[in-house]
$ cat input-v3.txt   # compact mmCIF, C-alpha atoms (C1' of nucleotides)
# COMPACT_ATOMS: atom_id res chain seq x y z
CA MET A 1 0.00 0.00 0.00
CA ALA A 2 2.77 2.43 -0.94
CA ARG A 3 2.16 5.16 -3.52
CA MET A 4 -1.27 6.65 -3.01
CA SER A 5 -2.16 10.30 -3.00
CA ALA A 6 -3.40 11.73 0.27
CA ASP A 7 -6.85 12.25 -1.26
CA ALA A 8 -7.00 8.69 -2.49
CA ARG A 9 -6.14 7.37 0.93
CA ARG A 10 -8.74 9.58 2.56
CA ALA A 11 -11.32 8.23 0.13
CA GLU A 12 -10.21 4.67 0.81
CA LEU A 13 -10.49 5.21 4.57
CA LEU A 14 -13.98 6.65 4.14
CA ALA A 15 -15.01 3.65 2.08
CA ALA A 16 -13.50 1.32 4.64
CA ALA A 17 -15.30 3.13 7.46
CA LEU A 18 -18.60 2.70 5.65
CA ARG A 19 -17.96 -1.01 5.15
CA VAL A 20 -17.04 -1.62 8.79
CA MET A 21 -19.88 0.46 10.17
CA SER A 22 -22.47 -1.01 7.82
CA ARG A 23 -21.40 -4.46 8.89
CA ASP A 24 -20.91 -3.96 12.63
CA GLY A 25 -22.33 -0.59 13.58
CA VAL A 26 -20.95 2.90 14.06
CA ALA A 27 -19.69 2.05 17.54
CA ALA A 28 -17.55 -0.72 16.06
CA GLY A 29 -16.01 1.71 13.62
CA THR A 30 -12.95 2.45 15.72
CA THR A 31 -9.92 4.05 14.16
CA ARG A 32 -8.14 0.71 14.43
CA ALA A 33 -10.94 -1.23 12.75
CA ILE A 34 -11.20 1.29 9.94
CA ALA A 35 -7.47 1.37 9.31
CA ALA A 36 -7.33 -2.44 9.33
CA GLU A 37 -10.28 -2.65 6.90
CA ALA A 38 -8.42 -0.25 4.60
CA GLY A 39 -5.24 -2.30 4.91
CA MET A 40 -3.35 0.52 6.57
CA VAL A 41 -1.64 0.87 9.91
CA LEU A 42 -3.24 3.00 12.58
CA ALA A 43 -0.76 5.84 12.20
CA THR A 44 -1.81 6.32 8.60
CA PHE A 45 -5.33 7.05 9.76
CA HIS A 46 -4.12 9.97 11.82
CA TYR A 47 -1.86 11.09 9.02
CA CYS A 48 -4.94 11.41 6.76
CA PHE A 49 -7.48 12.62 9.32
CA ARG A 50 -6.87 14.85 12.28
CA SER A 51 -9.30 12.82 14.38
CA ARG A 52 -12.04 10.23 14.23
CA ASN A 53 -14.64 12.99 14.35
CA GLU A 54 -13.12 14.59 11.27
CA LEU A 55 -13.65 11.33 9.40
CA LEU A 56 -17.20 11.08 10.70
CA ARG A 57 -17.92 14.58 9.44
CA GLU A 58 -16.82 13.68 5.94
CA LEU A 59 -18.59 10.35 6.12
CA ILE A 60 -21.96 11.92 6.95
CA ILE A 61 -21.58 14.52 4.22
CA MET A 62 -20.61 11.82 1.73
CA LEU A 63 -23.52 9.56 2.64
CA ALA A 64 -26.08 12.36 2.48
CA GLY A 65 -24.85 13.12 -1.01
CA ILE A 66 -25.16 9.48 -2.05
CA GLU A 67 -28.75 9.30 -0.76
CA ARG A 68 -29.53 12.47 -2.63
CA GLU A 69 -28.27 11.08 -5.93
CA ALA A 70 -30.13 7.83 -5.33
CA ALA A 71 -33.37 9.75 -4.89
CA ARG A 72 -32.69 11.67 -8.08
CA ALA A 73 -32.05 8.49 -10.01
CA ALA A 74 -35.16 6.77 -8.65
CA MET A 75 -37.64 8.84 -10.64
CA GLN A 76 -39.22 7.29 -13.69
CA PRO A 77 -42.42 8.31 -15.42
CA GLY A 78 -45.39 6.20 -14.37
CA ARG A 79 -48.94 5.95 -15.66
CA ASN A 80 -50.08 8.42 -13.01
CA ILE A 81 -48.90 10.04 -9.81
CA ARG A 82 -49.83 6.99 -7.74
CA GLU A 83 -47.79 4.66 -9.91
CA THR A 84 -44.91 7.11 -10.06
CA LEU A 85 -44.71 7.38 -6.28
CA ARG A 86 -45.11 3.66 -5.86
CA GLN A 87 -42.18 3.03 -8.16
CA ALA A 88 -40.02 5.35 -6.11
CA VAL A 89 -41.01 3.52 -2.92
CA ASP A 90 -40.33 0.15 -4.50
CA GLY A 91 -36.93 1.40 -5.54
CA TYR A 92 -36.18 2.49 -2.00
CA LEU A 93 -37.35 -0.78 -0.47
CA GLU A 94 -35.19 -2.68 -2.93
CA HIS A 95 -32.20 -0.58 -1.93
CA LEU A 96 -33.03 -1.11 1.73
CA GLU A 97 -33.16 -4.88 1.31
CA LYS A 98 -29.82 -4.91 -0.46
CA ASN A 99 -28.04 -2.58 1.96
CA PRO A 100 -29.71 -2.73 5.35
CA GLY A 101 -26.52 -1.71 7.13
CA HIS A 102 -26.22 1.35 4.98
CA GLU A 103 -29.50 2.86 6.14
CA GLN A 104 -28.87 1.71 9.68
CA VAL A 105 -25.58 3.59 9.68
CA LEU A 106 -27.36 6.76 8.62
CA PHE A 107 -29.57 6.58 11.71
CA GLU A 108 -26.68 5.71 13.98
CA LEU A 109 -24.58 8.56 12.63
CA ASN A 110 -27.46 10.96 13.03
CA HIS A 111 -27.99 9.94 16.63
CA HIS A 112 -24.28 10.12 17.31
CA ALA A 113 -24.16 13.60 15.78
CA LEU A 114 -27.14 14.71 17.88
CA ARG A 115 -25.22 13.79 21.02
CA THR A 116 -21.82 15.13 19.97
CA PRO A 117 -21.49 18.94 20.15
CA GLU A 118 -18.68 18.87 17.61
CA LEU A 119 -20.95 17.11 15.09
CA ARG A 120 -24.32 18.52 16.07
CA ASP A 121 -24.60 20.69 12.96
CA LEU A 122 -24.32 17.64 10.72
CA ALA A 123 -27.57 16.24 12.07
CA ASP A 124 -29.33 19.33 10.76
CA GLU A 125 -27.46 19.18 7.48
CA GLN A 126 -28.38 15.53 7.01
CA TYR A 127 -32.09 16.22 7.31
CA ARG A 128 -31.85 19.41 5.27
CA GLN A 129 -30.64 17.20 2.45
CA TYR A 130 -33.43 14.70 3.09
CA TYR A 131 -36.04 17.46 2.78
CA GLU A 132 -34.36 18.72 -0.36
CA SER A 133 -34.39 15.23 -1.82
CA ALA A 134 -38.05 14.76 -0.94
CA THR A 135 -38.94 18.10 -2.49
CA MET A 136 -37.05 17.25 -5.64
CA LEU A 137 -38.67 13.85 -5.79
CA LEU A 138 -42.19 15.15 -5.29
CA THR A 139 -41.71 17.95 -7.80
CA THR A 140 -40.33 15.61 -10.43
CA ALA A 141 -43.05 13.06 -9.79
CA ALA A 142 -45.74 15.67 -10.26
CA GLU A 143 -44.16 16.89 -13.48
CA LEU A 144 -43.84 13.38 -14.86
CA ALA A 145 -47.47 12.68 -14.02
CA GLY A 146 -48.79 16.04 -15.18
CA VAL A 147 -50.29 17.11 -11.87
CA GLU A 148 -49.85 19.81 -9.25
CA TRP A 149 -49.66 19.44 -5.50
CA GLN A 150 -52.50 20.88 -3.45
CA VAL A 151 -50.58 20.95 -0.18
CA GLU A 152 -47.66 23.29 0.46
CA MET A 153 -44.43 21.58 -0.48
CA PRO A 154 -42.70 21.95 2.94
CA VAL A 155 -45.51 20.07 4.64
CA LEU A 156 -45.59 17.47 1.90
CA ALA A 157 -41.83 16.98 1.99
CA ARG A 158 -41.84 16.55 5.73
CA MET A 159 -44.61 13.99 5.42
CA VAL A 160 -42.54 11.99 2.95
CA VAL A 161 -39.41 12.11 5.10
CA THR A 162 -41.53 11.12 8.10
CA MET A 163 -42.99 8.14 6.26
CA ILE A 164 -39.64 6.96 4.88
CA ASP A 165 -37.91 7.40 8.23
CA GLY A 166 -40.64 5.51 10.04
CA ALA A 167 -40.81 2.81 7.41
CA THR A 168 -37.04 2.35 7.67
CA THR A 169 -36.84 2.16 11.46
CA THR A 170 -39.64 -0.40 11.57
CA TRP A 171 -38.19 -2.41 8.69
CA LEU A 172 -34.76 -2.51 10.30
CA VAL A 173 -36.26 -4.40 13.24
CA ASP A 174 -38.17 -7.15 11.45
CA HIS A 175 -36.97 -6.91 7.82
CA ASP A 176 -40.58 -7.48 6.82
CA THR A 177 -40.72 -5.82 3.43
CA ASP A 178 -44.28 -6.90 2.70
CA ARG A 179 -45.71 -5.31 5.81
CA THR A 180 -43.61 -2.20 5.34
CA ARG A 181 -44.82 -1.88 1.79
CA ALA A 182 -48.42 -2.46 2.83
CA ALA A 183 -48.26 0.38 5.34
CA LEU A 184 -46.53 2.68 2.85
CA ASP A 185 -48.97 1.80 0.08
CA VAL A 186 -51.97 2.89 2.08
CA MET A 187 -50.29 6.18 2.89
CA LEU A 188 -49.03 6.73 -0.64
CA ASP A 189 -52.43 6.14 -2.16
CA TYR A 190 -53.53 9.02 -0.01
CA VAL A 191 -50.60 11.27 -0.91
CA ALA A 192 -51.43 10.69 -4.55
CA THR A 193 -54.88 12.21 -3.96
CA LEU A 194 -53.35 15.48 -2.78
CA THR A 195 -52.98 16.59 -6.38
CA LYS A 196 -55.00 18.24 -9.11
CA PRO A 197 -54.44 18.20 -12.87
CA ALA A 198 -51.73 20.65 -13.85
CA ARG A 199 -52.66 23.76 -15.79
CA ARG A 200 -50.12 22.98 -18.48
CA PRO A 201 -47.09 25.16 -17.60
CA ARG A 202 -46.30 26.58 -21.04
CA GLN A 203 -43.28 28.67 -21.84
CA GLY A 204 -43.51 31.17 -19.00
CA SER A 205 -47.16 31.95 -19.76
CA ALA A 206 -49.12 34.26 -17.47
CA MET B 1 -26.69 4.58 51.13
CA ALA B 2 -26.75 1.72 53.56
CA ARG B 3 -29.93 -0.35 54.12
CA MET B 4 -31.65 -0.84 50.81
CA SER B 5 -33.08 -4.07 49.50
CA ALA B 6 -31.44 -5.57 46.44
CA ASP B 7 -34.57 -4.88 44.42
CA ALA B 8 -34.68 -1.25 45.52
CA ARG B 9 -31.10 -0.76 44.48
CA ARG B 10 -31.69 -2.36 41.14
CA ALA B 11 -34.61 0.00 40.61
CA GLU B 12 -32.52 2.96 41.66
CA LEU B 13 -29.75 1.98 39.26
CA LEU B 14 -32.27 1.63 36.45
CA ALA B 15 -33.65 5.08 37.20
CA ALA B 16 -30.14 6.51 37.35
CA ALA B 17 -29.28 4.87 34.04
CA LEU B 18 -32.32 6.44 32.44
CA ARG B 19 -31.38 9.87 33.77
CA VAL B 20 -27.79 9.67 32.58
CA MET B 21 -28.69 8.26 29.17
CA SER B 22 -31.53 10.71 28.61
CA ARG B 23 -29.16 13.54 29.40
CA ASP B 24 -26.00 12.39 27.62
CA GLY B 25 -26.88 9.44 25.43
CA VAL B 26 -26.73 5.67 25.78
CA ALA B 27 -23.03 5.63 24.97
CA ALA B 28 -22.37 7.90 27.95
CA GLY B 29 -24.23 5.50 30.22
CA THR B 30 -21.15 3.66 31.43
CA THR B 31 -21.33 1.50 34.50
CA ARG B 32 -19.28 4.12 36.32
CA ALA B 33 -21.51 7.01 35.28
CA ILE B 34 -24.64 5.12 36.24
CA ALA B 35 -23.29 4.11 39.63
CA ALA B 36 -22.16 7.69 40.31
CA GLU B 37 -25.58 9.04 39.31
CA ALA B 38 -27.17 6.60 41.74
CA GLY B 39 -24.74 7.61 44.47
CA MET B 40 -23.21 4.15 44.65
CA VAL B 41 -19.73 2.86 44.13
CA LEU B 42 -18.93 0.88 41.02
CA ALA B 43 -18.76 -2.43 42.83
CA THR B 44 -22.37 -2.06 43.90
CA PHE B 45 -23.38 -1.96 40.26
CA HIS B 46 -21.88 -5.36 39.65
CA TYR B 47 -23.35 -6.65 42.86
CA CYS B 48 -26.84 -5.76 41.60
CA PHE B 49 -26.36 -6.58 37.92
CA ARG B 50 -24.25 -9.30 36.43
CA SER B 51 -23.22 -6.99 33.59
CA ARG B 52 -24.03 -3.76 31.84
CA ASN B 53 -26.01 -5.69 29.24
CA GLU B 54 -28.18 -7.17 31.96
CA LEU B 55 -29.09 -3.67 33.08
CA LEU B 56 -29.78 -2.64 29.48
CA ARG B 57 -32.13 -5.59 29.11
CA GLU B 58 -34.18 -4.53 32.08
CA LEU B 59 -34.03 -0.90 31.03
CA ILE B 60 -35.50 -1.58 27.61
CA ILE B 61 -38.25 -3.76 29.07
CA MET B 62 -39.04 -1.11 31.67
CA LEU B 63 -39.18 1.71 29.11
CA ALA B 64 -41.37 -0.24 26.72
CA GLY B 65 -43.81 -0.78 29.56
CA ILE B 66 -43.83 2.91 30.42
CA GLU B 67 -44.58 3.87 26.83
CA ARG B 68 -47.35 1.34 26.78
CA GLU B 69 -49.02 2.78 29.85
CA ALA B 70 -48.60 6.30 28.47
CA ALA B 71 -50.43 5.28 25.32
CA ARG B 72 -53.21 3.74 27.37
CA ALA B 73 -53.58 6.89 29.45
CA ALA B 74 -53.61 9.15 26.41
CA MET B 75 -57.06 8.14 25.22
CA GLN B 76 -59.93 10.51 25.86
CA PRO B 77 -63.25 10.65 24.09
CA GLY B 78 -63.34 13.31 21.35
CA ARG B 79 -66.15 14.70 19.25
CA ASN B 80 -65.27 12.29 16.46
CA ILE B 81 -62.49 9.94 15.39
CA ARG B 82 -60.46 12.80 13.91
CA GLU B 83 -60.53 14.79 17.14
CA THR B 84 -59.84 11.71 19.22
CA LEU B 85 -56.74 10.83 17.22
CA ARG B 86 -55.59 14.42 17.18
CA GLN B 87 -55.78 14.56 20.97
CA ALA B 88 -53.64 11.47 21.24
CA VAL B 89 -51.06 13.00 18.91
CA ASP B 90 -51.07 16.28 20.85
CA GLY B 91 -50.50 14.31 24.01
CA TYR B 92 -47.55 12.55 22.47
CA LEU B 93 -45.99 15.76 21.15
CA GLU B 94 -46.38 17.34 24.56
CA HIS B 95 -44.60 14.37 26.13
CA LEU B 96 -41.90 14.57 23.46
CA GLU B 97 -41.28 18.26 24.14
CA LYS B 98 -41.00 17.64 27.86
CA ASN B 99 -38.74 14.58 27.63
CA PRO B 100 -36.80 14.68 24.38
CA GLY B 101 -33.99 12.61 25.81
CA HIS B 102 -36.41 9.90 26.82
CA GLU B 103 -37.57 9.21 23.28
CA GLN B 104 -34.05 9.61 21.97
CA VAL B 105 -32.88 6.92 24.37
CA LEU B 106 -35.51 4.54 23.05
CA PHE B 107 -34.10 4.87 19.55
CA GLU B 108 -30.53 4.58 20.74
CA LEU B 109 -31.31 1.51 22.78
CA ASN B 110 -33.14 -0.06 19.88
CA HIS B 111 -30.20 0.52 17.56
CA HIS B 112 -27.80 -0.76 20.17
CA ALA B 113 -29.92 -3.87 20.61
CA LEU B 114 -30.04 -4.42 16.84
CA ARG B 115 -26.24 -4.53 16.78
CA THR B 116 -25.72 -6.57 19.94
CA PRO B 117 -26.43 -10.31 19.54
CA GLU B 118 -27.04 -10.65 23.26
CA LEU B 119 -29.78 -7.98 23.10
CA ARG B 120 -31.10 -8.54 19.60
CA ASP B 121 -34.36 -10.09 20.80
CA LEU B 122 -35.20 -6.95 22.74
CA ALA B 123 -35.39 -4.91 19.54
CA ASP B 124 -38.20 -7.19 18.42
CA GLU B 125 -39.87 -7.08 21.78
CA GLN B 126 -39.75 -3.28 21.85
CA TYR B 127 -41.57 -2.98 18.55
CA ARG B 128 -43.99 -5.77 19.44
CA GLN B 129 -45.07 -3.58 22.32
CA TYR B 130 -45.29 -0.56 20.05
CA TYR B 131 -47.62 -2.42 17.71
CA GLU B 132 -49.67 -3.63 20.63
CA SER B 133 -49.93 -0.09 21.97
CA ALA B 134 -50.96 1.23 18.55
CA THR B 135 -53.58 -1.49 18.23
CA MET B 136 -54.96 -0.72 21.66
CA LEU B 137 -55.00 2.99 20.92
CA LEU B 138 -56.75 2.61 17.58
CA THR B 139 -59.30 0.20 18.98
CA THR B 140 -60.10 2.43 21.91
CA ALA B 141 -60.27 5.51 19.71
CA ALA B 142 -62.76 3.83 17.41
CA GLU B 143 -64.89 2.71 20.33
CA LEU B 144 -64.89 6.16 21.86
CA ALA B 145 -65.88 7.69 18.55
CA GLY B 146 -68.41 5.01 17.63
CA VAL B 147 -66.79 3.91 14.40
CA GLU B 148 -65.17 0.84 12.88
CA TRP B 149 -61.90 0.59 10.98
CA GLN B 150 -62.09 -0.29 7.31
CA VAL B 151 -58.46 -1.37 7.01
CA GLU B 152 -57.06 -4.48 8.69
CA MET B 153 -55.71 -3.59 12.12
CA PRO B 154 -52.16 -4.92 11.56
CA VAL B 155 -51.70 -2.62 8.56
CA LEU B 156 -53.26 0.29 10.43
CA ALA B 157 -51.12 -0.28 13.52
CA ARG B 158 -47.97 -0.42 11.45
CA MET B 159 -48.96 2.82 9.76
CA VAL B 160 -49.36 4.52 13.13
CA VAL B 161 -46.02 3.25 14.44
CA THR B 162 -44.40 4.32 11.17
CA MET B 163 -45.85 7.81 11.46
CA ILE B 164 -44.92 8.25 15.13
CA ASP B 165 -41.43 6.86 14.59
CA GLY B 166 -40.84 9.14 11.64
CA ALA B 167 -42.34 12.14 13.38
CA THR B 168 -40.08 11.51 16.35
CA THR B 169 -36.84 11.08 14.42
CA THR B 170 -37.49 14.26 12.45
CA TRP B 171 -38.54 16.21 15.54
CA LEU B 172 -35.44 15.14 17.44
CA VAL B 173 -33.31 16.90 14.84
CA ASP B 174 -34.99 20.31 14.69
CA HIS B 175 -37.39 20.29 17.67
CA ASP B 176 -39.91 21.94 15.38
CA THR B 177 -43.19 20.89 16.94
CA ASP B 178 -45.33 22.99 14.59
CA ARG B 179 -43.96 21.41 11.45
CA THR B 180 -44.09 17.96 12.98
CA ARG B 181 -47.71 18.48 13.95
CA ALA B 182 -48.54 19.88 10.52
CA ALA B 183 -47.18 16.76 8.83
CA LEU B 184 -48.96 14.46 11.29
CA ASP B 185 -52.22 16.37 10.99
CA VAL B 186 -52.43 15.87 7.26
CA MET B 187 -51.80 12.15 7.70
CA LEU B 188 -54.17 11.79 10.64
CA ASP B 189 -57.00 13.51 8.80
CA TYR B 190 -56.58 10.76 6.29
CA VAL B 191 -56.43 7.95 8.84
CA ALA B 192 -59.68 9.26 10.29
CA THR B 193 -61.37 8.66 6.93
CA LEU B 194 -60.50 4.96 7.03
CA THR B 195 -63.55 4.34 9.18
CA LYS B 196 -67.24 3.69 8.85
CA PRO B 197 -70.02 4.13 11.42
CA ALA B 198 -70.08 1.22 13.83
CA ARG B 199 -72.98 -1.22 13.71
CA ARG B 200 -73.68 -0.75 17.39
CA PRO B 201 -72.02 -3.75 19.06
CA ARG B 202 -74.85 -4.73 21.44
CA GLN B 203 -74.52 -7.36 24.10
CA GLY B 204 -73.00 -10.19 22.06
CA SER B 205 -75.70 -9.98 19.39
CA ALA B 206 -75.40 -12.14 16.28
C1' DG C 1 5.95 9.43 4.12
C1' DT C 2 5.59 5.17 6.63
C1' DC C 3 5.95 2.26 10.36
C1' DT C 4 6.73 0.54 15.46
C1' DA C 5 6.05 1.53 19.86
C1' DT C 6 3.89 3.75 23.45
C1' DA C 7 1.59 7.38 26.00
C1' DA C 8 -2.77 8.69 28.14
C1' DT C 9 -7.33 7.74 29.08
C1' DG C 10 -11.41 5.24 30.20
C1' DG C 11 -13.97 1.17 30.06
C1' DG C 12 -16.11 -3.52 32.39
C1' DA C 13 -15.40 -6.55 35.80
C1' DT C 14 -13.54 -8.61 40.15
C1' DA C 15 -10.52 -9.78 44.32
C1' DG C 16 -10.30 -9.35 48.79
C1' DA C 17 -10.28 -6.42 53.03
C1' DC C 18 -13.63 -4.93 56.22
C1' DG D 1 -23.16 -6.66 52.09
C1' DT D 2 -20.07 -2.88 51.11
C1' DC D 3 -16.00 -0.58 49.79
C1' DT D 4 -11.01 0.12 48.01
C1' DA D 5 -7.93 -1.12 44.95
C1' DT D 6 -6.73 -3.17 40.94
C1' DC D 7 -6.69 -6.17 36.74
C1' DC D 8 -6.99 -6.25 32.01
C1' DC D 9 -8.52 -4.67 27.93
C1' DA D 10 -9.57 -1.32 24.12
C1' DT D 11 -9.55 3.16 22.71
C1' DT D 12 -7.59 7.78 20.51
C1' DA D 13 -3.70 9.93 19.55
C1' DT D 14 1.29 10.85 18.99
C1' DA D 15 6.49 10.45 19.29
C1' DG D 16 10.21 9.16 17.01
C1' DA D 17 12.97 5.61 14.30
C1' DC D 18 13.58 4.51 9.53
$ encode --input "input-v3.txt" --output "structure tokens"
Amino acid sequence: MARMSADARRAELLAAALRVMSRDGVAAGTTRAIAAEAGMVLATFHYCFRSRNELLRELIIMLAGIEREAARAAMQPGRNIRETLRQAVDGYLEHLEKNPGHEQVLFELNHHALRTPELRDLADEQYRQYYESATMLLTTAAELAGVEWQVEMPVLARMVVTMIDGATTTWLVDHDTDRTRAALDVMLDYVATLTKPARRPRQGSA
Amino acid sequence: MARMSADARRAELLAAALRVMSRDGVAAGTTRAIAAEAGMVLATFHYCFRSRNELLRELIIMLAGIEREAARAAMQPGRNIRETLRQAVDGYLEHLEKNPGHEQVLFELNHHALRTPELRDLADEQYRQYYESATMLLTTAAELAGVEWQVEMPVLARMVVTMIDGATTTWLVDHDTDRTRAALDVMLDYVATLTKPARRPRQGSA
DNA sequence: GTCTATAATGGGATAGAC
DNA sequence: GTCTATCCCATTATAGAC
């Protein structure tokens, strides 16, 4: 593990941290465990990062960005708003089943940040990105389905984050995708009714 | 701190653990910190509990029971099912505002249990009690309002737990009760529509 | 830049005096 | 039963040889 730019090693340590923490939890992500997972000696960790908290900062920011891109990629046109939303939910549940540890780590990091003064601001930032993702997703879904939302977007976005958060915490306990989907479906069918046909938004018409 | 029955000291240690962890997080609830909070020396901790995990077991069971009783106490007759549910939600938000650390600890303990083989079963048990509480609450609310649910109770109960879980995780980040209530209100208005007037359930009629 | 070795701290648990 | 003292381990972080 000789020649490697400082940035490359930082990236490798972040990836290693995510692997360890997804597998065994944030608490198990000690500097030693992360360095070992990355195939480096402990001293290299502290050569690349001033402290464990500095790595955690970058890790949270990185993960929030990944979630954001995943949400963006999840949107596909459906027959109507109900189908469009349902596809997005199915995409999320599929991701959740494939990477349970990944979503679990996001909760653990958030709770750790909430309790750590040095990282407290990241808890806010994490959810700011969630709300942004939800807003983007709802806006895109409405456009694809040719409808407009009848509830103010901030309320709607918070509802979506609330539902996804709750669905995730419950799923993480029993891994029961069918029941999770059933609960989400009932709620989504309702969300889909909070729309009206769009007055076709022409080229900047009055 | 002389004369005190073993049971009393166990109870006192559990209470101390809850205080410390509510204030500073589960991770800060070391055996030393808990013993100090209870005004005991460390050795007393291990005289009362075989290990820290044994205390955590009892703590989770105790807390789940408290939440259960709180849910039971929250029910009051309202003008209709919508009002009845809204009162229950207001009661919960009030509790959340008064004891943020308490709800935070429940999440932290659940996540800790999910990652700790020795405590893994408690994560299931915790949510089993949540679902039971939700079922009880929904059943009572319907009775008080004279309606019947039109969706199977398991799905309905999971929806409620999902909404409360999500509302709590989001609230814990920004402590924005108004926005949390706004999101819940929209969803609850919907839940209230999933009913039909009850065919008066006389004395065991056919 | 990279590694070995170690400092400094704090944790869970227990031995053994009283 | 209760306390002091301590064991033993893991952690973050760094000093200093190469």
$ interface_residues --input "input-v3.txt" --of "chain B" --to "chain C" --cutoff "9 Å" --atoms "all atoms listed in the file" --output "list in words"
Thr30, Thr31, Arg32, Ala43, His46, Ser51 and Arg52 of chain B
$ interface_residues --input "input-v3.txt" --of "chain B" --to "chain D" --cutoff "12 Å" --atoms "all atoms listed in the file" --output "short mmCIF file (atom, residue, chain, number, x, y, z; two decimals) with C-alpha atoms, in the coordinates of the input"
data_model
loop_
_atom_site.label_atom_id
_atom_site.label_comp_id
_atom_site.auth_asym_id
_atom_site.auth_seq_id
_atom_site.Cartn_x
_atom_site.Cartn_y
_atom_site.Cartn_z
CA MET B 1 -26.69 4.58 51.13
CA ALA B 2 -26.75 1.72 53.56
CA ARG B 3 -29.93 -0.35 54.12
CA MET B 4 -31.65 -0.84 50.81
CA SER B 5 -33.08 -4.07 49.50
CA ALA B 6 -31.44 -5.57 46.44
CA MET B 40 -23.21 4.15 44.65
CA VAL B 41 -19.73 2.86 44.13
CA LEU B 42 -18.93 0.88 41.02
CA ALA B 43 -18.76 -2.43 42.83
CA THR B 44 -22.37 -2.06 43.90
CA PHE B 45 -23.38 -1.96 40.26
CA HIS B 46 -21.88 -5.36 39.65
CA TYR B 47 -23.35 -6.65 42.86
CA CYS B 48 -26.84 -5.76 41.60
#
$ residues_around --input "input-v3.txt" --residues "Leu114 of chain A" --least-positions-apart "6" --cutoff "10 Å" --atoms "all atoms listed in the file" --output "PyMOL selection string"
(chain A and resi 108+120-124) or (chain B and resi 25+104+172-173)
$ write_last_selection --input "input-v3.txt" --atoms "C-alpha atoms" --output "mmCIF file, in the frame of the given file"
data_model
loop_
_atom_site.group_PDB
_atom_site.id
_atom_site.type_symbol
_atom_site.label_atom_id
_atom_site.label_comp_id
_atom_site.auth_asym_id
_atom_site.auth_seq_id
_atom_site.Cartn_x
_atom_site.Cartn_y
_atom_site.Cartn_z
ATOM 1 C CA GLU A 108 -26.680 5.710 13.980
ATOM 2 C CA ARG A 120 -24.320 18.520 16.070
ATOM 3 C CA ASP A 121 -24.600 20.690 12.960
ATOM 4 C CA LEU A 122 -24.320 17.640 10.720
ATOM 5 C CA ALA A 123 -27.570 16.240 12.070
ATOM 6 C CA ASP A 124 -29.330 19.330 10.760
ATOM 7 C CA GLY B 25 -26.880 9.440 25.430
ATOM 8 C CA GLN B 104 -34.050 9.610 21.970
ATOM 9 C CA LEU B 172 -35.440 15.140 17.440
ATOM 10 C CA VAL B 173 -33.310 16.900 14.840
#
$ closest_residue --input "input-v3.txt" --among "B:Glu103, B:Leu96, B:Pro197, B:Ala145" --to "Thr180 of chain B" --atoms "all atoms listed in the file"
B:Leu96
$ atom_distance --input "input-v3.txt" --atom1 "atom CA of Thr84 of chain B" --atom2 "atom CA of Val155 of chain B"
19.6 Å
$ atom_distance --input "input-v3.txt" --atom1 "atom CA of Leu85 of chain B" --atom2 "atom CA of Leu188 of chain B"
7.1 Å
$ interface_residues --input "input-v3.txt" --of "chain B" --to "chain A" --cutoff "6 Å" --atoms "all atoms listed in the file" --output "count of residues only"
8
$ atom_distance --input "input-v3.txt" --atom1 "atom CA of Lys196 of chain B" --atom2 "atom CA of Gln150 of chain B"
6.7 Å
$ residues_around --input "input-v3.txt" --residues "Ile81 of chain B" --least-positions-apart "3" --cutoff "9 Å" --atoms "only C-alpha atoms (C1' of nucleotides)" --output "list in words"
Pro77, Gly78, Thr84, Leu85, Arg86, Ala141, Ala142, Leu144, Ala145, Gly146, Val147, Ala192, Thr193 and Thr195 of chain B
$ write_last_selection --input "input-v3.txt" --atoms "C-alpha atoms" --output "short mmCIF file (atom, residue, chain, number, x, y, z; two decimals), keeping the file's coordinate frame"
data_model
loop_
_atom_site.label_atom_id
_atom_site.label_comp_id
_atom_site.auth_asym_id
_atom_site.auth_seq_id
_atom_site.Cartn_x
_atom_site.Cartn_y
_atom_site.Cartn_z
CA PRO B 77 -63.25 10.65 24.09
CA GLY B 78 -63.34 13.31 21.35
CA THR B 84 -59.84 11.71 19.22
CA LEU B 85 -56.74 10.83 17.22
CA ARG B 86 -55.59 14.42 17.18
CA ALA B 141 -60.27 5.51 19.71
CA ALA B 142 -62.76 3.83 17.41
CA LEU B 144 -64.89 6.16 21.86
CA ALA B 145 -65.88 7.69 18.55
CA GLY B 146 -68.41 5.01 17.63
CA VAL B 147 -66.79 3.91 14.40
CA ALA B 192 -59.68 9.26 10.29
CA THR B 193 -61.37 8.66 6.93
CA THR B 195 -63.55 4.34 9.18
#
$ build_atoms --input "input-v3.txt" --residues "segment 110-114 of chain B" --atoms "N, CA and C atoms" --output "PDB file, in the frame of the given file"
ATOM      1  N   ASN B 110     -32.701   0.850  20.929  1.00  0.00           N
ATOM      2  CA  ASN B 110     -33.140  -0.060  19.880  1.00  0.00           C
ATOM      3  C   ASN B 110     -32.000  -0.331  18.900  1.00  0.00           C
ATOM      4  N   HIS B 111     -31.305   0.709  18.504  1.00  0.00           N
ATOM      5  CA  HIS B 111     -30.200   0.520  17.560  1.00  0.00           C
ATOM      6  C   HIS B 111     -29.058  -0.265  18.192  1.00  0.00           C
ATOM      7  N   HIS B 112     -28.831   0.006  19.471  1.00  0.00           N
ATOM      8  CA  HIS B 112     -27.800  -0.760  20.170  1.00  0.00           C
ATOM      9  C   HIS B 112     -28.190  -2.236  20.235  1.00  0.00           C
ATOM     10  N   ALA B 113     -29.450  -2.488  20.523  1.00  0.00           N
ATOM     11  CA  ALA B 113     -29.920  -3.870  20.610  1.00  0.00           C
ATOM     12  C   ALA B 113     -29.813  -4.560  19.253  1.00  0.00           C
ATOM     13  N   LEU B 114     -30.125  -3.835  18.184  1.00  0.00           N
ATOM     14  CA  LEU B 114     -30.040  -4.420  16.840  1.00  0.00           C
ATOM     15  C   LEU B 114     -28.625  -4.893  16.524  1.00  0.00           C
TER      16      LEU B 114
END
